[in-house]
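Here's upload39.cif, which has mmCIF, N, CA and C atoms:
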```cif
data_structure
#
loop_
_atom_site.label_atom_id
_atom_site.label_comp_id
_atom_site.auth_asym_id
_atom_site.auth_seq_id
_atom_site.Cartn_x
_atom_site.Cartn_y
_atom_site.Cartn_z
N MET G 690 -26.61 31.45 -0.67
CA MET G 690 -25.24 31.43 -0.20
C MET G 690 -24.42 32.36 -1.10
N ALA G 691 -23.57 33.17 -0.49
CA ALA G 691 -22.73 34.12 -1.22
C ALA G 691 -21.62 33.38 -1.97
N LEU G 692 -21.21 33.94 -3.09
CA LEU G 692 -20.15 33.32 -3.89
C LEU G 692 -18.85 33.18 -3.10
N ASP G 693 -18.58 34.12 -2.19
CA ASP G 693 -17.39 34.00 -1.34
C ASP G 693 -17.44 32.73 -0.50
N ASP G 694 -18.64 32.42 0.01
CA ASP G 694 -18.80 31.22 0.83
C ASP G 694 -18.63 29.95 -0.01
N VAL G 695 -19.19 29.96 -1.21
CA VAL G 695 -19.03 28.81 -2.11
C VAL G 695 -17.56 28.63 -2.46
N ALA G 696 -16.89 29.74 -2.79
CA ALA G 696 -15.47 29.68 -3.12
C ALA G 696 -14.65 29.14 -1.95
N ASP G 697 -14.98 29.57 -0.74
CA ASP G 697 -14.28 29.10 0.45
C ASP G 697 -14.48 27.60 0.63
N GLN G 698 -15.70 27.12 0.44
CA GLN G 698 -15.97 25.69 0.57
C GLN G 698 -15.25 24.88 -0.50
N LEU G 699 -15.25 25.39 -1.75
CA LEU G 699 -14.55 24.69 -2.82
C LEU G 699 -13.05 24.64 -2.56
N HIS G 700 -12.51 25.73 -2.05
CA HIS G 700 -11.09 25.77 -1.71
C HIS G 700 -10.76 24.70 -0.67
N SER G 701 -11.56 24.65 0.37
CA SER G 701 -11.35 23.66 1.43
C SER G 701 -11.48 22.24 0.88
N LEU G 702 -12.49 22.01 0.07
CA LEU G 702 -12.72 20.69 -0.53
C LEU G 702 -11.53 20.28 -1.40
N ALA G 703 -11.03 21.21 -2.19
CA ALA G 703 -9.90 20.90 -3.08
C ALA G 703 -8.67 20.51 -2.28
N ILE G 704 -8.40 21.22 -1.20
CA ILE G 704 -7.24 20.90 -0.36
C ILE G 704 -7.39 19.52 0.27
N HIS G 705 -8.58 19.23 0.80
CA HIS G 705 -8.80 17.92 1.43
C HIS G 705 -8.72 16.79 0.41
N LEU G 706 -9.28 17.03 -0.78
CA LEU G 706 -9.22 16.01 -1.82
C LEU G 706 -7.78 15.75 -2.25
N LEU G 707 -7.02 16.80 -2.44
CA LEU G 707 -5.62 16.64 -2.85
C LEU G 707 -4.83 15.87 -1.79
N ARG G 708 -5.07 16.17 -0.52
CA ARG G 708 -4.38 15.44 0.55
C ARG G 708 -4.70 13.96 0.50
N ARG G 709 -5.95 13.65 0.23
CA ARG G 709 -6.35 12.24 0.20
C ARG G 709 -5.73 11.50 -0.98
N VAL G 710 -5.75 12.13 -2.15
CA VAL G 710 -5.21 11.42 -3.32
C VAL G 710 -3.69 11.36 -3.30
N ARG G 711 -3.05 12.29 -2.62
CA ARG G 711 -1.59 12.24 -2.50
C ARG G 711 -1.13 10.99 -1.76
N GLN G 712 -2.00 10.43 -0.95
CA GLN G 712 -1.63 9.23 -0.18
C GLN G 712 -1.21 8.09 -1.09
N VAL G 713 -1.78 8.03 -2.29
CA VAL G 713 -1.44 6.94 -3.20
C VAL G 713 -0.21 7.25 -4.05
N ASP G 714 0.30 8.46 -3.97
CA ASP G 714 1.48 8.84 -4.76
C ASP G 714 2.74 8.11 -4.34
N ALA G 715 2.80 7.65 -3.11
CA ALA G 715 3.98 6.92 -2.64
C ALA G 715 4.23 5.67 -3.49
N ALA G 716 3.16 5.13 -4.07
CA ALA G 716 3.29 3.92 -4.89
C ALA G 716 4.05 4.19 -6.19
N THR G 717 4.27 5.46 -6.55
CA THR G 717 5.06 5.74 -7.75
C THR G 717 6.53 5.44 -7.53
N GLY G 718 6.95 5.45 -6.27
CA GLY G 718 8.34 5.16 -5.95
C GLY G 718 9.27 6.35 -6.06
N ILE G 719 8.71 7.54 -6.28
CA ILE G 719 9.56 8.74 -6.32
C ILE G 719 8.95 9.81 -5.42
N SER G 720 9.78 10.76 -5.03
CA SER G 720 9.33 11.79 -4.10
C SER G 720 8.29 12.70 -4.75
N ALA G 721 7.58 13.43 -3.91
CA ALA G 721 6.55 14.36 -4.40
C ALA G 721 7.16 15.42 -5.31
N ALA G 722 8.33 15.93 -4.96
CA ALA G 722 8.98 16.95 -5.79
C ALA G 722 9.36 16.39 -7.16
N ARG G 723 9.89 15.19 -7.18
CA ARG G 723 10.25 14.57 -8.46
C ARG G 723 9.00 14.24 -9.28
N LEU G 724 7.98 13.77 -8.62
CA LEU G 724 6.73 13.45 -9.32
C LEU G 724 6.11 14.70 -9.92
N SER G 725 6.13 15.78 -9.18
CA SER G 725 5.59 17.04 -9.68
C SER G 725 6.37 17.52 -10.90
N ALA G 726 7.69 17.48 -10.83
CA ALA G 726 8.51 17.90 -11.96
C ALA G 726 8.29 16.99 -13.16
N LEU G 727 8.23 15.70 -12.93
CA LEU G 727 7.98 14.76 -14.01
C LEU G 727 6.63 15.03 -14.67
N SER G 728 5.65 15.36 -13.87
CA SER G 728 4.32 15.67 -14.39
C SER G 728 4.36 16.89 -15.31
N VAL G 729 5.07 17.92 -14.90
CA VAL G 729 5.19 19.12 -15.75
C VAL G 729 5.87 18.75 -17.07
N ILE G 730 6.97 18.02 -16.97
CA ILE G 730 7.71 17.64 -18.18
C ILE G 730 6.86 16.73 -19.06
N GLY G 731 6.21 15.77 -18.45
CA GLY G 731 5.44 14.79 -19.22
C GLY G 731 4.19 15.34 -19.86
N PHE G 732 3.46 16.16 -19.15
CA PHE G 732 2.17 16.62 -19.67
C PHE G 732 2.25 17.97 -20.39
N ALA G 733 3.26 18.78 -20.08
CA ALA G 733 3.39 20.07 -20.77
C ALA G 733 4.30 19.94 -21.99
N GLY G 734 5.01 18.84 -22.07
CA GLY G 734 5.90 18.63 -23.20
C GLY G 734 7.32 19.07 -22.89
N PRO G 735 8.22 18.83 -23.83
CA PRO G 735 9.61 19.18 -23.59
C PRO G 735 9.77 20.64 -23.17
N CYS G 736 10.63 20.87 -22.19
CA CYS G 736 10.85 22.21 -21.66
C CYS G 736 12.29 22.35 -21.22
N THR G 737 12.71 23.57 -21.00
CA THR G 737 14.07 23.81 -20.50
C THR G 737 14.07 23.72 -18.98
N VAL G 738 15.25 23.65 -18.42
CA VAL G 738 15.38 23.64 -16.95
C VAL G 738 14.80 24.93 -16.38
N SER G 739 15.05 26.05 -17.04
CA SER G 739 14.50 27.33 -16.58
C SER G 739 12.98 27.33 -16.59
N ASP G 740 12.39 26.79 -17.66
CA ASP G 740 10.93 26.71 -17.74
C ASP G 740 10.38 25.85 -16.60
N LEU G 741 11.05 24.74 -16.35
CA LEU G 741 10.61 23.82 -15.30
C LEU G 741 10.74 24.48 -13.92
N ALA G 742 11.85 25.17 -13.68
CA ALA G 742 12.04 25.85 -12.41
C ALA G 742 10.94 26.88 -12.19
N ALA G 743 10.59 27.61 -13.24
CA ALA G 743 9.51 28.61 -13.12
C ALA G 743 8.18 27.94 -12.84
N ALA G 744 7.89 26.85 -13.54
CA ALA G 744 6.62 26.14 -13.33
C ALA G 744 6.51 25.57 -11.92
N GLU G 745 7.63 25.08 -11.40
CA GLU G 745 7.64 24.48 -10.06
C GLU G 745 7.88 25.51 -8.96
N GLN G 746 8.18 26.73 -9.36
CA GLN G 746 8.42 27.84 -8.43
C GLN G 746 9.56 27.53 -7.47
N VAL G 747 10.67 27.06 -8.06
CA VAL G 747 11.88 26.79 -7.29
C VAL G 747 13.07 27.36 -8.05
N ALA G 748 14.20 27.45 -7.38
CA ALA G 748 15.43 27.95 -7.99
C ALA G 748 16.02 26.92 -8.95
N ILE G 749 16.77 27.41 -9.91
CA ILE G 749 17.38 26.52 -10.91
C ILE G 749 18.28 25.46 -10.26
N PRO G 750 19.13 25.79 -9.27
CA PRO G 750 19.94 24.72 -8.65
C PRO G 750 19.07 23.61 -8.02
N THR G 751 17.94 24.00 -7.45
CA THR G 751 17.04 23.00 -6.84
C THR G 751 16.46 22.09 -7.91
N ILE G 752 15.96 22.68 -9.00
CA ILE G 752 15.34 21.86 -10.03
C ILE G 752 16.39 21.04 -10.77
N SER G 753 17.60 21.55 -10.86
CA SER G 753 18.68 20.80 -11.52
C SER G 753 18.96 19.48 -10.81
N LYS G 754 18.92 19.50 -9.48
CA LYS G 754 19.13 18.27 -8.70
C LYS G 754 17.98 17.28 -8.94
N ILE G 755 16.77 17.80 -8.99
CA ILE G 755 15.60 16.96 -9.25
C ILE G 755 15.69 16.34 -10.64
N VAL G 756 16.05 17.16 -11.62
CA VAL G 756 16.18 16.67 -13.01
C VAL G 756 17.27 15.61 -13.09
N ALA G 757 18.40 15.83 -12.43
CA ALA G 757 19.49 14.85 -12.46
C ALA G 757 19.01 13.50 -11.93
N ALA G 758 18.22 13.52 -10.88
CA ALA G 758 17.70 12.26 -10.32
C ALA G 758 16.72 11.60 -11.28
N LEU G 759 15.87 12.40 -11.92
CA LEU G 759 14.91 11.85 -12.89
C LEU G 759 15.62 11.24 -14.09
N VAL G 760 16.69 11.90 -14.53
CA VAL G 760 17.48 11.37 -15.65
C VAL G 760 18.16 10.07 -15.21
N ALA G 761 18.75 10.07 -14.02
CA ALA G 761 19.43 8.87 -13.52
C ALA G 761 18.47 7.69 -13.38
N ASP G 762 17.21 7.99 -13.06
CA ASP G 762 16.19 6.94 -12.92
C ASP G 762 15.60 6.51 -14.26
N GLY G 763 16.02 7.17 -15.34
CA GLY G 763 15.51 6.81 -16.67
C GLY G 763 14.11 7.33 -16.95
N LEU G 764 13.65 8.32 -16.18
CA LEU G 764 12.30 8.85 -16.35
C LEU G 764 12.26 10.09 -17.23
N VAL G 765 13.41 10.76 -17.36
CA VAL G 765 13.53 11.98 -18.17
C VAL G 765 14.79 11.87 -19.00
N THR G 766 14.75 12.46 -20.17
CA THR G 766 15.93 12.52 -21.03
C THR G 766 16.18 13.96 -21.44
N ARG G 767 17.42 14.25 -21.73
CA ARG G 767 17.79 15.59 -22.21
C ARG G 767 17.90 15.52 -23.74
N LEU G 768 17.29 16.49 -24.40
CA LEU G 768 17.29 16.53 -25.87
C LEU G 768 17.82 17.86 -26.36
N PRO G 769 18.57 17.86 -27.47
CA PRO G 769 18.99 19.15 -28.03
C PRO G 769 17.78 19.86 -28.65
N ASP G 770 17.80 21.17 -28.58
CA ASP G 770 16.74 21.98 -29.19
C ASP G 770 16.90 21.95 -30.70
N ALA G 771 15.81 21.86 -31.42
CA ALA G 771 15.85 21.78 -32.88
C ALA G 771 16.34 23.07 -33.52
N HIS G 772 16.18 24.20 -32.83
CA HIS G 772 16.51 25.49 -33.42
C HIS G 772 17.76 26.14 -32.83
N ASP G 773 18.16 25.71 -31.65
CA ASP G 773 19.30 26.33 -30.99
C ASP G 773 20.08 25.25 -30.26
N ARG G 774 21.23 24.90 -30.76
CA ARG G 774 22.00 23.78 -30.20
C ARG G 774 22.52 24.07 -28.80
N ARG G 775 22.48 25.33 -28.37
CA ARG G 775 22.91 25.66 -27.01
C ARG G 775 21.85 25.30 -25.97
N VAL G 776 20.62 25.14 -26.44
CA VAL G 776 19.49 24.89 -25.55
C VAL G 776 19.26 23.38 -25.40
N VAL G 777 19.03 22.96 -24.19
CA VAL G 777 18.71 21.56 -23.90
C VAL G 777 17.28 21.51 -23.38
N ARG G 778 16.51 20.60 -23.91
CA ARG G 778 15.13 20.42 -23.47
C ARG G 778 15.00 19.11 -22.71
N LEU G 779 14.08 19.10 -21.79
CA LEU G 779 13.81 17.91 -20.98
C LEU G 779 12.53 17.27 -21.50
N ALA G 780 12.56 15.97 -21.66
CA ALA G 780 11.38 15.24 -22.11
C ALA G 780 11.22 13.98 -21.27
N ALA G 781 9.98 13.60 -21.03
CA ALA G 781 9.72 12.36 -20.29
C ALA G 781 10.00 11.18 -21.21
N THR G 782 10.61 10.15 -20.66
CA THR G 782 10.82 8.91 -21.40
C THR G 782 9.52 8.11 -21.36
N GLU G 783 9.48 7.04 -22.11
CA GLU G 783 8.29 6.17 -22.05
C GLU G 783 8.11 5.62 -20.64
N ALA G 784 9.22 5.30 -19.97
CA ALA G 784 9.13 4.83 -18.58
C ALA G 784 8.56 5.91 -17.68
N GLY G 785 8.95 7.17 -17.91
CA GLY G 785 8.42 8.28 -17.13
C GLY G 785 6.93 8.47 -17.37
N MET G 786 6.53 8.39 -18.64
CA MET G 786 5.10 8.54 -18.94
C MET G 786 4.29 7.38 -18.37
N ALA G 787 4.85 6.19 -18.40
CA ALA G 787 4.15 5.04 -17.81
C ALA G 787 3.96 5.24 -16.32
N ARG G 788 4.98 5.78 -15.65
CA ARG G 788 4.89 6.06 -14.21
C ARG G 788 3.80 7.09 -13.95
N LEU G 789 3.73 8.14 -14.80
CA LEU G 789 2.70 9.17 -14.64
C LEU G 789 1.31 8.60 -14.87
N ARG G 790 1.15 7.80 -15.91
CA ARG G 790 -0.17 7.21 -16.20
C ARG G 790 -0.63 6.29 -15.06
N ALA G 791 0.29 5.50 -14.53
CA ALA G 791 -0.06 4.61 -13.42
C ALA G 791 -0.44 5.42 -12.18
N GLY G 792 0.31 6.49 -11.92
CA GLY G 792 -0.01 7.34 -10.77
C GLY G 792 -1.36 8.01 -10.92
N ARG G 793 -1.66 8.48 -12.13
CA ARG G 793 -2.96 9.11 -12.38
C ARG G 793 -4.09 8.10 -12.19
N ALA G 794 -3.88 6.88 -12.66
CA ALA G 794 -4.91 5.84 -12.50
C ALA G 794 -5.16 5.55 -11.01
N ARG G 795 -4.09 5.53 -10.22
CA ARG G 795 -4.27 5.30 -8.77
C ARG G 795 -5.03 6.46 -8.13
N ARG G 796 -4.71 7.70 -8.52
CA ARG G 796 -5.41 8.86 -7.98
C ARG G 796 -6.89 8.82 -8.35
N ILE G 797 -7.18 8.50 -9.60
CA ILE G 797 -8.58 8.43 -10.02
C ILE G 797 -9.32 7.34 -9.27
N ALA G 798 -8.67 6.20 -9.07
CA ALA G 798 -9.30 5.13 -8.30
C ALA G 798 -9.58 5.59 -6.87
N GLN G 799 -8.67 6.36 -6.30
CA GLN G 799 -8.88 6.89 -4.95
C GLN G 799 -10.08 7.83 -4.92
N ILE G 800 -10.20 8.67 -5.95
CA ILE G 800 -11.34 9.60 -6.02
C ILE G 800 -12.64 8.82 -6.20
N VAL G 801 -12.62 7.77 -7.00
CA VAL G 801 -13.81 6.93 -7.17
C VAL G 801 -14.23 6.36 -5.82
N THR G 802 -13.28 5.89 -5.04
CA THR G 802 -13.58 5.34 -3.71
C THR G 802 -14.26 6.40 -2.84
N LEU G 803 -13.78 7.64 -2.92
CA LEU G 803 -14.39 8.71 -2.15
C LEU G 803 -15.78 9.06 -2.67
N LEU G 804 -15.93 9.08 -3.98
CA LEU G 804 -17.23 9.41 -4.57
C LEU G 804 -18.29 8.36 -4.26
N GLU G 805 -17.86 7.12 -4.12
CA GLU G 805 -18.82 6.04 -3.82
C GLU G 805 -19.54 6.25 -2.49
N ARG G 806 -18.97 7.06 -1.63
CA ARG G 806 -19.58 7.35 -0.33
C ARG G 806 -20.69 8.40 -0.42
N LEU G 807 -20.75 9.10 -1.55
CA LEU G 807 -21.72 10.19 -1.70
C LEU G 807 -23.06 9.67 -2.19
N PRO G 808 -24.14 10.33 -1.75
CA PRO G 808 -25.45 9.97 -2.30
C PRO G 808 -25.55 10.45 -3.76
N PRO G 809 -26.43 9.83 -4.54
CA PRO G 809 -26.55 10.17 -5.96
C PRO G 809 -26.79 11.66 -6.24
N ASP G 810 -27.56 12.35 -5.40
CA ASP G 810 -27.83 13.76 -5.66
C ASP G 810 -26.57 14.61 -5.52
N GLU G 811 -25.65 14.23 -4.62
CA GLU G 811 -24.41 14.98 -4.47
C GLU G 811 -23.46 14.70 -5.64
N ILE G 812 -23.46 13.47 -6.11
CA ILE G 812 -22.66 13.15 -7.29
C ILE G 812 -23.17 13.93 -8.49
N ALA G 813 -24.48 14.02 -8.63
CA ALA G 813 -25.08 14.78 -9.72
C ALA G 813 -24.69 16.26 -9.64
N ALA G 814 -24.61 16.79 -8.43
CA ALA G 814 -24.21 18.20 -8.27
C ALA G 814 -22.78 18.43 -8.71
N VAL G 815 -21.93 17.45 -8.47
CA VAL G 815 -20.52 17.57 -8.85
C VAL G 815 -20.39 17.49 -10.38
N GLN G 816 -21.26 16.74 -11.03
CA GLN G 816 -21.17 16.56 -12.47
C GLN G 816 -21.55 17.81 -13.25
N THR G 817 -22.29 18.71 -12.66
CA THR G 817 -22.72 19.89 -13.40
C THR G 817 -21.75 21.02 -13.30
#
```
What would you get if you wrote out this structure as C-alpha cells?
Amino acid sequence: MALDDVADQLHSLAIHLLRRVRQVDAATGISAARLSALSVIGFAGPCTVSDLAAAEQVAIPTISKIVAALVADGLVTRLPDAHDRRVVRLAATEAGMARLRAGRARRIAQIVTLLERLPPDEIAAVQT
C-alpha cells in the first residue's frame, strides 16, 4: 500500500475518532469553542489573548468574548506579566484544570470503549 493511501486512511480515522470522542464533551458543561480555548490555556500554560487568538485561529474580538465567559465561569484568571505590567496573561484556575482533566478522562474512556471492539491483532497494530 502506498504511503499516500495510508495517510488518507489515517486522516479519515482521525476525523471519525475525533467526532466520536467529541460526543462526550457536552458533559463538560461548556461550548466546544470555550473548551478548546481552555485547553490551550490549561495545557500550554499562561498566554496572552493574542497568543490564544493565534492558537485558536480566530480574531482577537472573538477570543476576547470567549475569555470573558471563561473568566466569569471561574475557569480562567487574568494575571499580570512578571516582566511587563502592561501585559496580561491568561491562566487556567484549579476549577478549569479539573474540568479539563475530567473531560480528558471521559474522552479516554470513550476511546477505550471503541478499542474494546477491535480484535487483539488490530490493537497491537495501533500500539506500534
- Query: Of the residues G:Val765, G:Ala742, G:Asp714, G:Leu807, which is the one nearest to G:Ala780, using all atoms listed in the file?
  - Reply: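 Smallest separation from G:Ala780 among the options: G:Val765.
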- Message: Can you pull out the residues contacting G:Ala757? Cut-off 12 Å, using only C-alpha atoms, and skip same-chain residues under 3 positions away; I want them as a ChimeraX atom specification.
- Response: /G:723,726-727,738,749-754,760-767,779
- Kindly give the distance, in Å, that separates atom CA of G:Val776 and atom CA of G:Ala743, rounded to a single decimal.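 Atom CA of G:Val776 sits 16.4 Å away from atom CA of G:Ala743.
The interatomic distance for the pair atom CA of G:Gln698 and atom CA of G:Ile800 works out to 18.0 Å.
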Could you write out, as a compact mmCIF listing (two decimals) with N, CA and C atoms, in the coordinates of the input, all the residues of stretch 752-788 of chain G that DSSP marks as alpha helix (DSSP H)?
```
# COMPACT_ATOMS: atom_id res chain seq x y z
N ILE G 752 15.96 22.68 -9.00
CA ILE G 752 15.34 21.86 -10.03
C ILE G 752 16.39 21.04 -10.77
N SER G 753 17.60 21.55 -10.86
CA SER G 753 18.68 20.80 -11.52
C SER G 753 18.96 19.48 -10.81
N LYS G 754 18.92 19.50 -9.48
CA LYS G 754 19.13 18.27 -8.70
C LYS G 754 17.98 17.28 -8.94
N ILE G 755 16.77 17.80 -8.99
CA ILE G 755 15.60 16.96 -9.25
C ILE G 755 15.69 16.34 -10.64
N VAL G 756 16.05 17.16 -11.62
CA VAL G 756 16.18 16.67 -13.01
C VAL G 756 17.27 15.61 -13.09
N ALA G 757 18.40 15.83 -12.43
CA ALA G 757 19.49 14.85 -12.46
C ALA G 757 19.01 13.50 -11.93
N ALA G 758 18.22 13.52 -10.88
CA ALA G 758 17.70 12.26 -10.32
C ALA G 758 16.72 11.60 -11.28
N LEU G 759 15.87 12.40 -11.92
CA LEU G 759 14.91 11.85 -12.89
C LEU G 759 15.62 11.24 -14.09
N VAL G 760 16.69 11.90 -14.53
CA VAL G 760 17.48 11.37 -15.65
C VAL G 760 18.16 10.07 -15.21
N ALA G 761 18.75 10.07 -14.02
CA ALA G 761 19.43 8.87 -13.52
C ALA G 761 18.47 7.69 -13.38
N GLU G 783 9.48 7.04 -22.11
CA GLU G 783 8.29 6.17 -22.05
C GLU G 783 8.11 5.62 -20.64
N ALA G 784 9.22 5.30 -19.97
CA ALA G 784 9.13 4.83 -18.58
C ALA G 784 8.56 5.91 -17.68
N GLY G 785 8.95 7.17 -17.91
CA GLY G 785 8.42 8.28 -17.13
C GLY G 785 6.93 8.47 -17.37
N MET G 786 6.53 8.39 -18.64
CA MET G 786 5.10 8.54 -18.94
C MET G 786 4.29 7.38 -18.37
N ALA G 787 4.85 6.19 -18.40
CA ALA G 787 4.15 5.04 -17.81
C ALA G 787 3.96 5.24 -16.32
N ARG G 788 4.98 5.78 -15.65
CA ARG G 788 4.89 6.06 -14.21
C ARG G 788 3.80 7.09 -13.95
```
- Item | Shell of 8 Å around G:Pro735, all atoms listed in the file, local chain residues under 2 positions omitted, as a list in words |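 Skipping anything fewer than 2 positions along the chain leaves Val729, Ile730, Gly731, Phe732, Ala733, Thr737, Val738, Val777, Arg778, Leu779, Ala780 and Ala781 of chain G.
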- Check stretch 691-793 of chain G with DSSP on the backbone and list each residue it calls strand (DSSP E or B), as a list of chain:residue names. G:Cys736, G:Val765, G:Thr766, G:Arg767, G:Leu768, G:Pro769, G:Val777, G:Arg778, G:Leu779, G:Ala780, G:Ala781
- Message: One decimal, in Å: what's the spacing between atom CA of G:Ala691 and atom N of G:Pro808?
- Response: 23.8 Å
All heavy atoms restored at stretch 703-712 of chain G, emitted as a compact mmCIF listing (two decimals), in the frame of the given file:
```
# COMPACT_ATOMS: atom_id res chain seq x y z
N ALA G 703 -11.03 21.21 -2.19
CA ALA G 703 -9.90 20.90 -3.08
C ALA G 703 -8.67 20.51 -2.28
O ALA G 703 -7.97 19.56 -2.63
CB ALA G 703 -9.61 22.10 -3.98
N ILE G 704 -8.40 21.22 -1.20
CA ILE G 704 -7.24 20.90 -0.36
C ILE G 704 -7.39 19.52 0.27
O ILE G 704 -6.47 18.70 0.25
CB ILE G 704 -7.04 21.98 0.72
CG1 ILE G 704 -6.54 23.27 0.07
CG2 ILE G 704 -6.07 21.50 1.80
CD1 ILE G 704 -6.51 24.46 1.00
N HIS G 705 -8.58 19.23 0.80
CA HIS G 705 -8.80 17.92 1.43
C HIS G 705 -8.72 16.79 0.41
O HIS G 705 -8.14 15.74 0.68
CB HIS G 705 -10.15 17.89 2.16
CG HIS G 705 -10.17 18.71 3.40
ND1 HIS G 705 -9.60 18.30 4.58
CD2 HIS G 705 -10.66 19.94 3.65
CE1 HIS G 705 -9.74 19.22 5.51
NE2 HIS G 705 -10.38 20.25 4.96
N LEU G 706 -9.28 17.03 -0.78
CA LEU G 706 -9.22 16.01 -1.82
C LEU G 706 -7.78 15.75 -2.25
O LEU G 706 -7.36 14.59 -2.37
CB LEU G 706 -10.07 16.45 -3.03
CG LEU G 706 -10.13 15.46 -4.19
CD1 LEU G 706 -10.74 14.14 -3.75
CD2 LEU G 706 -10.93 16.06 -5.33
N LEU G 707 -7.02 16.80 -2.44
CA LEU G 707 -5.62 16.64 -2.85
C LEU G 707 -4.83 15.87 -1.79
O LEU G 707 -4.03 14.99 -2.11
CB LEU G 707 -4.98 18.00 -3.11
CG LEU G 707 -3.56 17.96 -3.64
CD1 LEU G 707 -3.45 17.16 -4.92
CD2 LEU G 707 -3.05 19.37 -3.86
N ARG G 708 -5.07 16.17 -0.52
CA ARG G 708 -4.38 15.44 0.55
C ARG G 708 -4.70 13.96 0.50
O ARG G 708 -3.83 13.11 0.70
CB ARG G 708 -4.76 16.00 1.91
CG ARG G 708 -4.08 17.30 2.23
CD ARG G 708 -4.45 17.78 3.63
NE ARG G 708 -3.89 19.10 3.86
CZ ARG G 708 -4.49 20.03 4.56
NH1 ARG G 708 -5.67 19.80 5.13
NH2 ARG G 708 -3.94 21.20 4.73
N ARG G 709 -5.95 13.65 0.23
CA ARG G 709 -6.35 12.24 0.20
C ARG G 709 -5.73 11.50 -0.98
O ARG G 709 -5.28 10.37 -0.84
CB ARG G 709 -7.87 12.12 0.14
CG ARG G 709 -8.53 12.56 1.41
CD ARG G 709 -9.38 11.45 1.97
NE ARG G 709 -9.96 11.88 3.22
CZ ARG G 709 -11.20 11.65 3.56
NH1 ARG G 709 -12.00 11.02 2.74
NH2 ARG G 709 -11.65 12.04 4.72
N VAL G 710 -5.75 12.13 -2.15
CA VAL G 710 -5.21 11.42 -3.32
C VAL G 710 -3.69 11.36 -3.30
O VAL G 710 -3.10 10.45 -3.88
CB VAL G 710 -5.72 11.99 -4.66
CG1 VAL G 710 -7.22 11.84 -4.78
CG2 VAL G 710 -5.29 13.40 -4.90
N ARG G 711 -3.05 12.29 -2.62
CA ARG G 711 -1.59 12.24 -2.50
C ARG G 711 -1.13 10.99 -1.76
O ARG G 711 0.01 10.56 -1.92
CB ARG G 711 -1.08 13.46 -1.73
CG ARG G 711 -0.81 14.64 -2.59
CD ARG G 711 -0.04 15.67 -1.78
NE ARG G 711 -0.14 16.96 -2.38
CZ ARG G 711 -0.09 18.09 -1.72
NH1 ARG G 711 0.06 18.09 -0.42
NH2 ARG G 711 -0.18 19.23 -2.36
N GLN G 712 -2.00 10.43 -0.95
CA GLN G 712 -1.63 9.23 -0.18
C GLN G 712 -1.21 8.09 -1.09
O GLN G 712 -0.38 7.27 -0.71
CB GLN G 712 -2.79 8.80 0.72
CG GLN G 712 -3.11 9.79 1.81
CD GLN G 712 -4.40 9.45 2.54
OE1 GLN G 712 -5.11 8.52 2.18
NE2 GLN G 712 -4.72 10.23 3.57
```
